[in-house]
$ cat structure-v6.tsv   # TSV, C-alpha atoms
chain	number	residue	atom	x	y	z
J	47	MET	CA	-6.21	-17.49	-27.71
J	48	LYS	CA	-3.87	-15.08	-25.98
J	49	PRO	CA	-3.85	-12.72	-22.98
J	50	ARG	CA	-5.42	-9.39	-23.80
J	51	GLU	CA	-3.09	-6.45	-24.08
J	52	GLY	CA	-2.59	-4.83	-20.69
J	53	VAL	CA	-2.89	-8.06	-18.72
J	54	VAL	CA	0.24	-8.84	-16.71
J	55	PHE	CA	0.85	-11.74	-14.35
J	56	ASN	CA	3.21	-12.94	-11.71
J	57	ARG	CA	3.92	-16.33	-10.19
J	58	VAL	CA	3.46	-16.64	-6.42
J	59	GLY	CA	4.85	-20.04	-5.54
J	60	GLU	CA	2.68	-22.42	-7.56
J	61	GLU	CA	-0.11	-19.87	-7.92
J	62	LEU	CA	-0.53	-16.84	-10.11
J	63	VAL	CA	-1.83	-13.29	-9.78
J	64	LEU	CA	-3.18	-11.55	-12.89
J	65	LEU	CA	-3.48	-7.79	-13.15
J	66	ASP	CA	-5.65	-6.11	-15.74
J	67	LEU	CA	-3.88	-2.78	-16.16
J	68	ASN	CA	-6.77	-1.25	-18.08
J	69	ARG	CA	-9.23	-1.67	-15.26
J	70	GLY	CA	-6.93	-2.03	-12.26
J	71	ILE	CA	-8.46	-5.38	-11.26
J	72	TYR	CA	-6.52	-8.31	-9.84
J	73	TYR	CA	-7.36	-12.01	-10.20
J	74	GLY	CA	-5.85	-15.05	-8.50
J	75	LEU	CA	-5.39	-18.51	-9.97
J	76	ASP	CA	-4.78	-21.74	-8.05
J	77	PRO	CA	-1.84	-24.00	-9.06
J	78	ILE	CA	-3.65	-25.83	-11.86
J	79	GLY	CA	-5.27	-22.61	-13.12
J	80	ALA	CA	-1.83	-20.99	-13.04
J	81	ARG	CA	-0.37	-23.78	-15.18
J	82	MET	CA	-3.30	-23.55	-17.62
J	83	TRP	CA	-2.77	-19.80	-17.93
J	84	GLU	CA	0.93	-20.28	-18.64
J	85	LEU	CA	0.20	-22.77	-21.40
J	86	LEU	CA	-2.59	-20.60	-22.84
J	87	SER	CA	-0.42	-17.52	-22.81
J	88	ALA	CA	2.36	-19.50	-24.50
J	89	GLY	CA	-0.07	-19.94	-27.38
J	90	GLN	CA	-0.92	-23.63	-26.89
J	91	GLU	CA	-4.22	-24.98	-28.18
J	92	GLU	CA	-6.70	-26.82	-25.96
J	93	GLY	CA	-5.60	-30.28	-27.17
J	94	GLU	CA	-1.91	-29.56	-26.51
J	95	ILE	CA	-2.68	-28.14	-23.08
J	96	LEU	CA	-4.69	-31.24	-22.10
J	97	ALA	CA	-1.85	-33.48	-23.24
J	98	THR	CA	0.70	-31.49	-21.22
J	99	LEU	CA	-1.50	-31.38	-18.11
J	100	GLY	CA	-2.25	-35.10	-18.47
J	101	GLU	CA	1.46	-35.78	-18.07
J	102	GLU	CA	1.87	-33.42	-15.13
J	103	TYR	CA	-1.23	-34.17	-13.07
J	104	GLU	CA	-2.86	-37.44	-12.12
J	105	VAL	CA	-6.32	-36.24	-13.05
J	106	GLU	CA	-8.72	-37.76	-15.59
J	107	ARG	CA	-8.65	-36.09	-18.96
J	108	GLN	CA	-12.40	-35.50	-18.80
J	109	THR	CA	-12.07	-33.56	-15.55
J	110	LEU	CA	-9.10	-31.58	-16.88
J	111	SER	CA	-10.99	-30.78	-20.04
J	112	ALA	CA	-14.02	-29.52	-18.10
J	113	ASP	CA	-11.79	-27.45	-15.80
J	114	LEU	CA	-9.92	-25.95	-18.75
J	115	ARG	CA	-13.12	-25.03	-20.58
J	116	ARG	CA	-14.53	-23.43	-17.44
J	117	LEU	CA	-11.34	-21.42	-16.87
J	118	ILE	CA	-11.24	-20.23	-20.50
J	119	ALA	CA	-14.87	-19.16	-20.28
J	120	GLU	CA	-14.21	-17.26	-17.04
J	121	LEU	CA	-11.09	-15.61	-18.45
J	122	GLN	CA	-12.92	-14.57	-21.59
J	123	GLU	CA	-15.85	-13.27	-19.61
J	124	SER	CA	-13.47	-11.23	-17.46
J	125	GLU	CA	-11.83	-10.01	-20.69
J	126	LEU	CA	-8.42	-11.33	-19.70
J	127	LEU	CA	-8.15	-13.64	-22.68
J	128	GLU	CA	-9.09	-13.07	-26.29
T	51	MET	CA	1.68	30.74	3.62
T	52	PRO	CA	5.03	31.37	5.28
T	53	SER	CA	7.84	32.55	3.07
T	54	ALA	CA	10.90	30.40	2.52
T	55	GLY	CA	13.78	30.72	4.98
T	56	VAL	CA	16.67	28.36	5.64
T	57	PRO	CA	15.59	24.95	4.31
T	58	GLU	CA	14.82	22.14	6.75
T	59	HIS	CA	16.10	18.62	6.20
T	60	TYR	CA	14.17	15.50	7.12
T	61	ARG	CA	14.34	11.77	6.63
T	62	VAL	CA	11.02	9.97	6.11
T	63	TYR	CA	10.27	6.55	4.53
T	64	GLY	CA	13.96	6.39	3.61
T	65	LEU	CA	13.73	9.60	1.56
T	66	ALA	CA	15.99	12.59	2.15
T	67	LEU	CA	13.50	15.46	2.12
T	68	ARG	CA	14.54	19.11	1.91
T	69	SER	CA	11.77	21.58	2.62
T	70	SER	CA	11.49	25.35	2.42
T	71	ILE	CA	9.05	25.19	5.34
T	72	ALA	CA	9.04	23.33	8.66
T	73	ILE	CA	6.83	20.22	8.54
T	74	GLU	CA	5.01	19.44	11.74
T	75	GLY	CA	5.55	15.92	13.02
T	76	LEU	CA	8.87	15.31	11.30
T	77	GLU	CA	12.20	15.31	13.10
T	78	ALA	CA	14.74	17.65	11.51
T	79	VAL	CA	18.06	16.02	10.66
T	80	THR	CA	21.42	17.64	10.03
T	81	SER	CA	22.24	17.67	6.37
T	82	ASN	CA	23.79	19.96	3.85
T	83	THR	CA	22.95	17.87	0.82
T	84	THR	CA	22.39	19.75	-2.37
T	85	ASP	CA	20.80	16.71	-3.96
T	86	PRO	CA	17.92	15.51	-1.76
T	87	ASP	CA	15.54	12.77	-2.94
T	88	VAL	CA	12.65	15.21	-2.65
T	89	ASP	CA	12.74	19.01	-2.66
T	90	LEU	CA	9.57	20.61	-1.29
T	91	VAL	CA	8.85	24.28	-1.91
T	92	THR	CA	5.80	26.47	-1.54
T	93	GLY	CA	4.44	28.28	-4.57
T	94	ASP	CA	1.56	28.58	-6.97
T	95	VAL	CA	0.25	25.29	-8.31
T	96	ALA	CA	-1.76	26.03	-11.44
T	97	PRO	CA	-3.88	23.41	-13.19
T	98	LEU	CA	-1.98	21.71	-16.02
T	99	GLY	CA	-4.90	21.85	-18.40
T	100	GLY	CA	-4.50	18.13	-18.98
T	101	GLU	CA	-6.92	15.26	-18.65
T	102	LEU	CA	-8.21	14.53	-15.14
T	103	LEU	CA	-6.72	11.14	-14.45
T	104	ALA	CA	-7.99	10.16	-11.08
T	105	THR	CA	-10.63	11.14	-8.66
T	106	ASP	CA	-11.97	9.40	-5.62
T	107	PRO	CA	-14.58	6.81	-6.47
T	108	ALA	CA	-17.27	8.80	-4.59
T	109	ASP	CA	-20.27	9.22	-6.90
T	110	ASP	CA	-22.02	12.54	-7.15
T	111	GLU	CA	-20.16	14.52	-4.51
T	112	GLU	CA	-17.18	16.64	-5.38
T	113	PRO	CA	-14.25	14.20	-5.24
T	114	ALA	CA	-11.75	14.46	-2.37
T	115	VAL	CA	-8.86	14.66	-4.83
T	116	GLN	CA	-8.41	15.20	-8.55
T	117	VAL	CA	-5.18	14.39	-10.36
T	118	GLU	CA	-3.87	15.63	-13.68
T	119	ARG	CA	-0.84	14.44	-15.59
T	120	VAL	CA	1.01	16.09	-18.43
T	121	GLY	CA	4.25	14.30	-19.34
T	122	ASP	CA	6.16	13.66	-16.12
T	123	THR	CA	4.29	16.32	-14.17
T	124	PHE	CA	1.36	15.53	-11.87
T	125	VAL	CA	-0.95	17.93	-10.08
T	126	PHE	CA	-2.95	16.69	-7.07
T	127	ALA	CA	-5.81	19.02	-6.12
T	128	TYR	CA	-7.60	18.27	-2.84
T	129	ARG	CA	-11.11	19.49	-2.14
T	130	ASP	CA	-9.99	21.71	0.76
T	131	GLY	CA	-7.75	23.73	-1.57
T	132	THR	CA	-4.43	21.96	-0.87
T	133	ARG	CA	-2.51	21.41	-4.09
T	134	PHE	CA	0.74	19.67	-5.02
T	135	ARG	CA	2.73	19.65	-8.23
T	136	LEU	CA	5.12	16.71	-8.63
T	137	GLU	CA	7.88	16.98	-11.22
T	138	ASP	CA	10.75	14.74	-12.26
T	139	ARG	CA	9.39	11.55	-10.63
T	140	GLY	CA	8.58	13.48	-7.45
T	141	ARG	CA	12.07	14.95	-6.98
T	142	ARG	CA	10.55	18.41	-6.90
T	143	ILE	CA	7.23	19.08	-5.16
T	144	THR	CA	5.54	22.48	-5.09
T	145	THR	CA	2.62	23.00	-2.72
T	146	GLU	CA	0.04	25.61	-1.83
T	147	TRP	CA	-2.91	25.47	0.53
T	148	THR	CA	-5.83	27.54	1.75
T	149	SER	CA	-6.50	25.49	4.89
T	150	THR	CA	-3.59	24.89	7.31
T	151	ALA	CA	0.02	23.72	7.03
T	152	ALA	CA	-0.98	20.75	9.20
T	153	ASP	CA	-3.57	19.68	6.61
T	154	MET	CA	-0.95	20.02	3.88
T	155	ALA	CA	1.49	17.90	5.93
T	156	THR	CA	-1.17	15.20	6.35
T	157	TYR	CA	-1.53	14.80	2.58
T	158	LEU	CA	2.22	15.10	2.01
T	159	LEU	CA	3.14	12.40	4.55
T	160	GLY	CA	0.33	10.14	3.35
T	161	PRO	CA	-0.74	9.79	-0.27
T	162	ILE	CA	1.76	12.21	-1.82
T	163	LEU	CA	4.99	10.66	-0.55
T	164	ALA	CA	3.51	7.16	-0.99
T	165	PHE	CA	3.00	8.03	-4.64
T	166	VAL	CA	6.52	9.48	-4.91
T	167	LEU	CA	7.94	6.21	-3.53
T	168	ARG	CA	6.02	4.24	-6.14
T	169	LEU	CA	7.24	6.56	-8.91
T	170	ARG	CA	10.75	5.80	-7.68
T	171	GLY	CA	10.09	2.06	-7.88
T	172	VAL	CA	9.86	1.51	-4.11
T	173	LEU	CA	7.05	-0.71	-2.87
T	174	ALA	CA	4.90	1.45	-0.56
T	175	LEU	CA	2.23	-0.54	1.23
T	176	HIS	CA	-0.76	1.02	2.93
T	177	ALA	CA	0.30	-0.32	6.32
T	178	SER	CA	1.49	0.63	9.78
T	179	ALA	CA	4.45	-1.13	11.35
T	180	VAL	CA	5.79	-1.77	14.84
T	181	SER	CA	8.98	-3.50	15.87
T	182	MET	CA	9.17	-6.25	18.48
T	183	ARG	CA	12.41	-7.96	19.46
T	184	GLY	CA	14.14	-6.28	16.52
T	185	ARG	CA	11.73	-7.41	13.83
T	186	ALA	CA	8.86	-5.54	12.26
T	187	LEU	CA	5.24	-6.55	12.07
T	188	LEU	CA	3.34	-4.87	9.23
T	189	LEU	CA	-0.34	-4.17	9.86
T	190	CYS	CA	-2.30	-3.95	6.60
T	191	GLY	CA	-6.01	-3.51	5.97
T	192	ALA	CA	-8.55	-1.21	4.44
T	193	ALA	CA	-9.07	2.29	5.82
T	194	GLY	CA	-10.85	1.95	9.15
T	195	ALA	CA	-9.69	-1.64	9.70
T	196	GLY	CA	-7.80	-0.58	12.82
T	197	LYS	CA	-4.18	-0.43	11.67
T	198	SER	CA	-3.18	2.59	13.76
T	199	THR	CA	-5.32	1.59	16.74
T	200	THR	CA	-3.76	-1.86	16.81
T	201	ALA	CA	-0.28	-0.42	16.34
T	202	THR	CA	-0.86	1.94	19.28
T	203	ALA	CA	-2.13	-0.93	21.45
T	204	LEU	CA	1.07	-2.85	20.66
T	205	LEU	CA	3.19	0.21	21.52
T	206	LEU	CA	1.42	0.51	24.86
T	207	ARG	CA	2.55	-3.08	25.50
T	208	GLY	CA	6.17	-2.35	24.73
T	209	ALA	CA	6.56	-2.56	20.94
T	210	ARG	CA	8.51	0.18	19.15
T	211	ALA	CA	7.06	2.51	16.51
T	212	VAL	CA	8.26	2.25	12.89
T	213	THR	CA	5.67	3.86	10.63
T	214	ASP	CA	2.00	4.79	10.39
T	215	ASP	CA	0.03	4.27	7.17
T	216	VAL	CA	2.91	4.17	4.66
T	217	ALA	CA	5.30	1.19	4.75
T	218	ALA	CA	8.18	1.60	2.28
T	219	ILE	CA	9.86	-1.75	1.66
T	220	VAL	CA	13.54	-2.02	0.73
T	221	TRP	CA	15.73	-5.09	0.34
T	222	GLN	CA	19.05	-5.68	2.06
T	223	ASP	CA	20.92	-8.98	1.73
T	224	ALA	CA	17.83	-10.54	0.12
T	225	ARG	CA	15.65	-9.70	3.15
T	226	PRO	CA	12.81	-7.13	3.20
T	227	TYR	CA	13.10	-4.14	5.54
T	228	VAL	CA	10.53	-1.46	6.32
T	229	GLN	CA	11.71	2.13	6.39
T	230	PRO	CA	10.95	4.29	9.43
T	231	GLY	CA	8.27	6.96	8.91
T	232	TYR	CA	8.06	9.68	11.53
T	233	PRO	CA	7.41	9.59	15.30
T	234	ARG	CA	3.63	9.93	15.32
T	235	LEU	CA	0.58	7.70	15.10
T	236	ARG	CA	-2.72	9.11	13.95
T	237	LEU	CA	-5.94	7.99	15.61
T	238	TRP	CA	-9.63	8.77	15.34
T	239	SER	CA	-11.08	10.26	18.53
T	240	ASP	CA	-13.07	7.11	19.34
T	241	SER	CA	-9.87	5.04	19.24
T	242	VAL	CA	-8.17	7.57	21.51
T	243	ALA	CA	-11.05	7.19	23.94
T	244	ARG	CA	-10.67	3.40	23.89
T	245	LEU	CA	-6.93	3.40	24.34
T	246	TYR	CA	-6.42	6.39	26.63
T	247	GLY	CA	-9.76	6.72	28.43
T	248	ALA	CA	-10.97	10.01	26.90
T	249	PRO	CA	-11.25	11.30	23.32
T	250	ASP	CA	-9.31	14.47	24.11
T	251	ALA	CA	-6.46	12.65	25.84
T	252	LEU	CA	-4.41	13.37	22.71
T	253	PRO	CA	-4.14	16.57	20.63
T	254	LEU	CA	-5.90	17.07	17.29
T	255	LEU	CA	-3.74	16.54	14.22
T	256	THR	CA	-5.28	19.49	12.40
T	257	PRO	CA	-7.98	21.93	13.50
T	258	THR	CA	-10.22	20.69	10.67
T	259	TRP	CA	-10.32	16.95	11.31
T	260	GLU	CA	-11.38	14.54	14.06
T	261	LYS	CA	-8.05	12.78	13.93
T	262	ARG	CA	-5.62	12.99	16.81
T	263	PHE	CA	-2.00	12.01	17.17
T	264	ALA	CA	0.14	10.18	19.66
T	265	SER	CA	3.80	11.11	19.78
T	266	THR	CA	5.90	7.96	19.55
T	267	GLU	CA	9.22	9.75	19.93
T	268	SER	CA	10.37	7.67	22.92
T	269	SER	CA	9.95	4.33	21.14
T	270	PHE	CA	10.49	5.37	17.51
T	271	VAL	CA	13.15	3.38	15.64
T	272	ARG	CA	15.23	5.38	13.21
T	273	GLU	CA	16.75	2.52	11.21
T	274	PRO	CA	15.05	0.17	8.72
T	275	GLN	CA	13.60	-2.90	10.46
T	276	GLU	CA	13.61	-6.39	9.00
T	277	VAL	CA	10.03	-7.46	8.27
T	278	GLY	CA	9.17	-10.59	10.28
T	279	ALA	CA	5.46	-10.96	9.45
T	280	ILE	CA	2.52	-9.23	7.82
T	281	ALA	CA	-0.92	-9.18	9.44
T	282	VAL	CA	-3.98	-8.21	7.41
T	283	LEU	CA	-6.71	-6.82	9.67
T	284	ARG	CA	-10.16	-7.76	8.47
T	285	GLY	CA	-13.77	-8.03	9.48
T	286	ARG	CA	-15.08	-7.49	12.92
T	287	GLU	CA	-17.78	-10.10	13.19
T	288	ALA	CA	-15.72	-12.93	14.68
T	289	ASP	CA	-16.44	-13.99	18.25
T	290	ALA	CA	-12.82	-14.46	19.19
T	291	ALA	CA	-9.68	-13.17	17.56
T	292	HIS	CA	-8.94	-15.57	14.74
T	293	VAL	CA	-5.62	-15.86	12.92
T	294	ARG	CA	-5.21	-17.68	9.62
T	295	ARG	CA	-2.09	-18.01	7.46
T	296	LEU	CA	-2.60	-16.82	3.90
T	297	GLN	CA	-0.66	-18.38	1.05
T	298	GLY	CA	-0.01	-17.77	-2.63
T	299	HIS	CA	-2.29	-15.48	-4.58
T	300	GLU	CA	-4.56	-14.96	-1.57
T	301	ALA	CA	-1.63	-13.50	0.37
T	302	VAL	CA	-0.60	-11.25	-2.52
T	303	MET	CA	-4.11	-9.98	-3.11
T	304	SER	CA	-4.63	-9.25	0.58
T	305	ILE	CA	-1.78	-6.71	0.67
T	306	LEU	CA	-2.05	-5.24	-2.82
T	307	VAL	CA	-1.82	-1.50	-2.99
T	308	ARG	CA	-5.31	-0.23	-3.62
T	309	THR	CA	-5.54	3.49	-4.13
T	310	SER	CA	-7.68	5.77	-6.21
T	311	VAL	CA	-4.53	6.83	-8.06
T	312	GLN	CA	-3.58	3.26	-9.01
T	313	HIS	CA	-3.82	3.87	-12.74
T	314	LEU	CA	-1.51	6.90	-12.61
T	315	LEU	CA	1.45	4.54	-12.70
T	316	ASP	CA	2.64	3.27	-16.05
T	317	GLY	CA	1.89	-0.34	-16.95
T	318	ALA	CA	5.53	-1.36	-16.56
T	319	ASP	CA	5.70	0.21	-13.10
T	320	ARG	CA	2.58	-1.60	-12.00
T	321	ARG	CA	3.84	-4.90	-13.35
T	322	ASP	CA	7.06	-4.36	-11.36
T	323	GLU	CA	5.03	-3.50	-8.28
T	324	LEU	CA	3.11	-6.77	-8.57
T	325	ALA	CA	6.43	-8.63	-8.85
T	326	ARG	CA	7.74	-6.84	-5.73
T	327	ILE	CA	4.67	-7.84	-3.73
T	328	ALA	CA	5.05	-11.45	-4.89
T	329	GLN	CA	8.70	-11.31	-3.80
T	330	LEU	CA	7.69	-9.94	-0.38
T	331	VAL	CA	5.08	-12.66	0.13
T	332	ALA	CA	7.67	-15.31	-0.76
T	333	ALA	CA	9.98	-13.95	1.96
T	334	VAL	CA	7.57	-13.19	4.82
T	335	PRO	CA	4.53	-15.04	6.25
T	336	VAL	CA	1.17	-13.28	5.81
T	337	PHE	CA	-1.66	-13.76	8.31
T	338	GLU	CA	-5.28	-12.69	8.26
T	339	LEU	CA	-6.68	-11.55	11.57
T	340	ARG	CA	-10.38	-11.28	12.30
T	341	ALA	CA	-11.61	-9.84	15.55
T	342	ARG	CA	-14.46	-7.94	17.15
T	343	ASP	CA	-14.25	-4.19	17.38
T	344	ASP	CA	-14.03	-3.56	21.11
T	345	LEU	CA	-11.43	-2.97	23.75
T	346	GLU	CA	-11.57	-6.50	25.10
T	347	ALA	CA	-10.99	-7.92	21.62
T	348	LEU	CA	-8.09	-5.50	21.13
T	349	ASP	CA	-6.35	-7.19	24.03
T	350	GLU	CA	-6.84	-10.57	22.35
T	351	VAL	CA	-5.65	-9.15	19.05
T	352	THR	CA	-2.42	-7.78	20.47
T	353	THR	CA	-1.74	-11.07	22.26
T	354	ALA	CA	-2.32	-12.97	19.00
T	355	LEU	CA	-0.09	-10.57	17.03
T	356	GLU	CA	2.75	-10.77	19.50
T	357	THR	CA	3.06	-14.49	18.75
T	358	LEU	CA	3.44	-13.95	14.99
T	359	LEU	CA	7.04	-12.75	15.12
$ encode --input "structure-v6.tsv" --output "structure tokens"
Amino acid sequence: MKPREGVVFNRVGEELVLLDLNRGIYYGLDPIGARMWELLSAGQEEGEILATLGEEYEVERQTLSADLRRLIAELQESELLE
Amino acid sequence: MPSAGVPEHYRVYGLALRSSIAIEGLEAVTSNTTDPDVDLVTGDVAPLGGELLATDPADDEEPAVQVERVGDTFVFAYRDGTRFRLEDRGRRITTEWTSTAADMATYLLGPILAFVLRLRGVLALHASAVSMRGRALLLCGAAGAGKSTTATALLLRGARAVTDDVAAIVWQDARPYVQPGYPRLRLWSDSVARLYGAPDALPLLTPTWEKRFASTESSFVREPQEVGAIAVLRGREADAAHVRRLQGHEAVMSILVRTSVQHLLDGADRRDELARIAQLVAAVPVFELRARDDLEALDEVTTALETLL
């Protein structure tokens, strides 16, 4: 998975703003969503991302996994990720 | 249209503007520069024959503005016959109109120069600004949210005028400053009635529009003002004026530049603009303000805003 062409993003503190240049639409991500996006856009696979997040956040792997899947689905639906 | 005489020089939003015609509302400055930031002349503005890039989102009606781009040249064609051609990143602007020079000036000082600033890489927010105790408060919000009305109410309570509708942000010593616009605030007649007691207490901006202007010459600041806070005016359903601090992506998205010509900028320029807004939000607190739309609430709003700086 990778960000679609024409999607740019910027850190805002721990959060992130995404801009889809093709459609002129902005999206915001909370701190954990921002970190997931960074790892996704760096080309990491789901398993690697969960391992990294597991070290950085004190959250159960099951919860992280569900959150990651939901975010990926939302990003794909919004055509930000392909 | 009047023919060109001796050019006038102005300073607006930090831009040195040379014009072949006098522009109502602007204060002439002494200058003999041969290299202004923007050179405005009158002349024919023919269609470029290129693709229409932007129109207002209005559905079946004729759009308020249509924009064409061919290479580095843009043509803005407004429904009332006012046209602008921007060349060389807005360094040269040619205009013609069939309505009045005042209508032309309204477009020039609003969307046209805001677009020129963005072409030049300057963050231009859709905001008004006043200065209190030497620091500027930016008032953002959608059209009709009450930016100019609130700014005027603050001026009537002793604040100083900085800009109306276009807030050009520059950085000095790692701090954001807002550039002065020109010494006028533009108000709808109903706002004039609320603030001054009668709708015709102030003159009409143009003969063709229900917008009036207040001269702010006596309180206008002519130097960039350090930005102390940003207030986003929203919603009018709240019972009492309510202020909430916005953080992170919420703060960025609340002040993003939303215009119908958004996609005229190149991708790289828009990515840079997003970075500039993120930088601004990191340097200055952003507040959301919700209040009712009446005179009593306006008093509460100004009191609440005065505490933000």
$ interface_residues --input "structure-v6.tsv" --of "chain T" --to "chain J" --cutoff "6 Å" --atoms "only C-alpha atoms" --output "PyMOL selection string"
chain T and resi 298-299+328
$ closest_atom_pairs --input "structure-v6.tsv" --of "range 251-274 of chain T" --to "range 180-200 of chain T" --cutoff "12 Å" --atoms "only C-alpha atoms" --output "Markdown table"
| residue | atom | partner | partner_atom | distance |
| --- | --- | --- | --- | --- |
| T:Lys261 | CA | T:Ser198 | CA | 11.3 |
| T:Arg262 | CA | T:Ser198 | CA | 11.1 |
| T:Phe263 | CA | T:Ser198 | CA | 10.1 |
| T:Ala264 | CA | T:Ser198 | CA | 10.2 |
| T:Thr266 | CA | T:Val180 | CA | 10.8 |
| T:Ser269 | CA | T:Ser181 | CA | 9.5 |
| T:Phe270 | CA | T:Val180 | CA | 9.0 |
| T:Val271 | CA | T:Ser181 | CA | 8.0 |
| T:Arg272 | CA | T:Ser181 | CA | 11.2 |
| T:Glu273 | CA | T:Gly184 | CA | 10.6 |
| T:Pro274 | CA | T:Ala186 | CA | 9.1 |
$ atom_distance --input "structure-v6.tsv" --atom1 "CA of Arg234 in chain T" --atom2 "CA of Glu356 in chain T"
21.1 Å
$ closest_residue --input "structure-v6.tsv" --among "J:Leu127, J:Gly79, J:Glu84, J:Arg50" --to "Leu114 in chain J" --atoms "all atoms listed in the file"
J:Gly79
$ atom_distance --input "structure-v6.tsv" --atom1 "CA of Gly131 in chain T" --atom2 "CA of Gly99 in chain T"
17.2 Å
$ decode --input "structure-v6.tsv" --residues "range 233-248 of chain T" --atoms "N, CA and C atoms" --output "compact mmCIF listing (two decimals), in the first residue's frame"
# COMPACT_ATOMS: atom_id res chain seq x y z
N PRO T 233 -7.17 51.18 4.52
CA PRO T 233 -7.96 51.70 5.64
C PRO T 233 -9.48 51.73 5.40
N ARG T 234 -10.04 50.54 5.15
CA ARG T 234 -11.48 50.43 5.00
C ARG T 234 -11.93 49.08 5.52
N LEU T 235 -13.16 49.04 6.03
CA LEU T 235 -13.82 47.77 6.34
C LEU T 235 -15.12 47.74 5.56
N ARG T 236 -15.44 46.57 5.03
CA ARG T 236 -16.64 46.48 4.20
C ARG T 236 -17.72 45.73 4.95
N LEU T 237 -18.92 46.30 4.95
CA LEU T 237 -20.01 45.74 5.77
C LEU T 237 -21.29 45.66 4.96
N TRP T 238 -22.07 44.60 5.18
CA TRP T 238 -23.41 44.55 4.61
C TRP T 238 -24.28 45.58 5.33
N SER T 239 -25.32 46.05 4.64
CA SER T 239 -26.16 47.11 5.20
C SER T 239 -26.78 46.72 6.55
N ASP T 240 -27.14 45.44 6.71
CA ASP T 240 -27.77 45.06 7.99
C ASP T 240 -26.76 45.16 9.14
N SER T 241 -25.48 44.88 8.85
CA SER T 241 -24.46 45.04 9.89
C SER T 241 -24.25 46.52 10.22
N VAL T 242 -24.31 47.35 9.19
CA VAL T 242 -24.16 48.80 9.41
C VAL T 242 -25.28 49.28 10.33
N ALA T 243 -26.49 48.78 10.06
CA ALA T 243 -27.64 49.17 10.89
C ALA T 243 -27.42 48.75 12.35
N ARG T 244 -26.88 47.56 12.54
CA ARG T 244 -26.65 47.07 13.90
C ARG T 244 -25.59 47.87 14.62
N LEU T 245 -24.53 48.21 13.90
CA LEU T 245 -23.39 48.86 14.55
C LEU T 245 -23.55 50.37 14.65
N TYR T 246 -24.22 50.96 13.66
CA TYR T 246 -24.27 52.43 13.59
C TYR T 246 -25.69 52.99 13.70
N GLY T 247 -26.69 52.10 13.84
CA GLY T 247 -28.05 52.58 14.08
C GLY T 247 -28.91 52.68 12.83
N ALA T 248 -28.33 52.85 11.66
CA ALA T 248 -29.13 52.95 10.43
C ALA T 248 -28.33 52.36 9.27
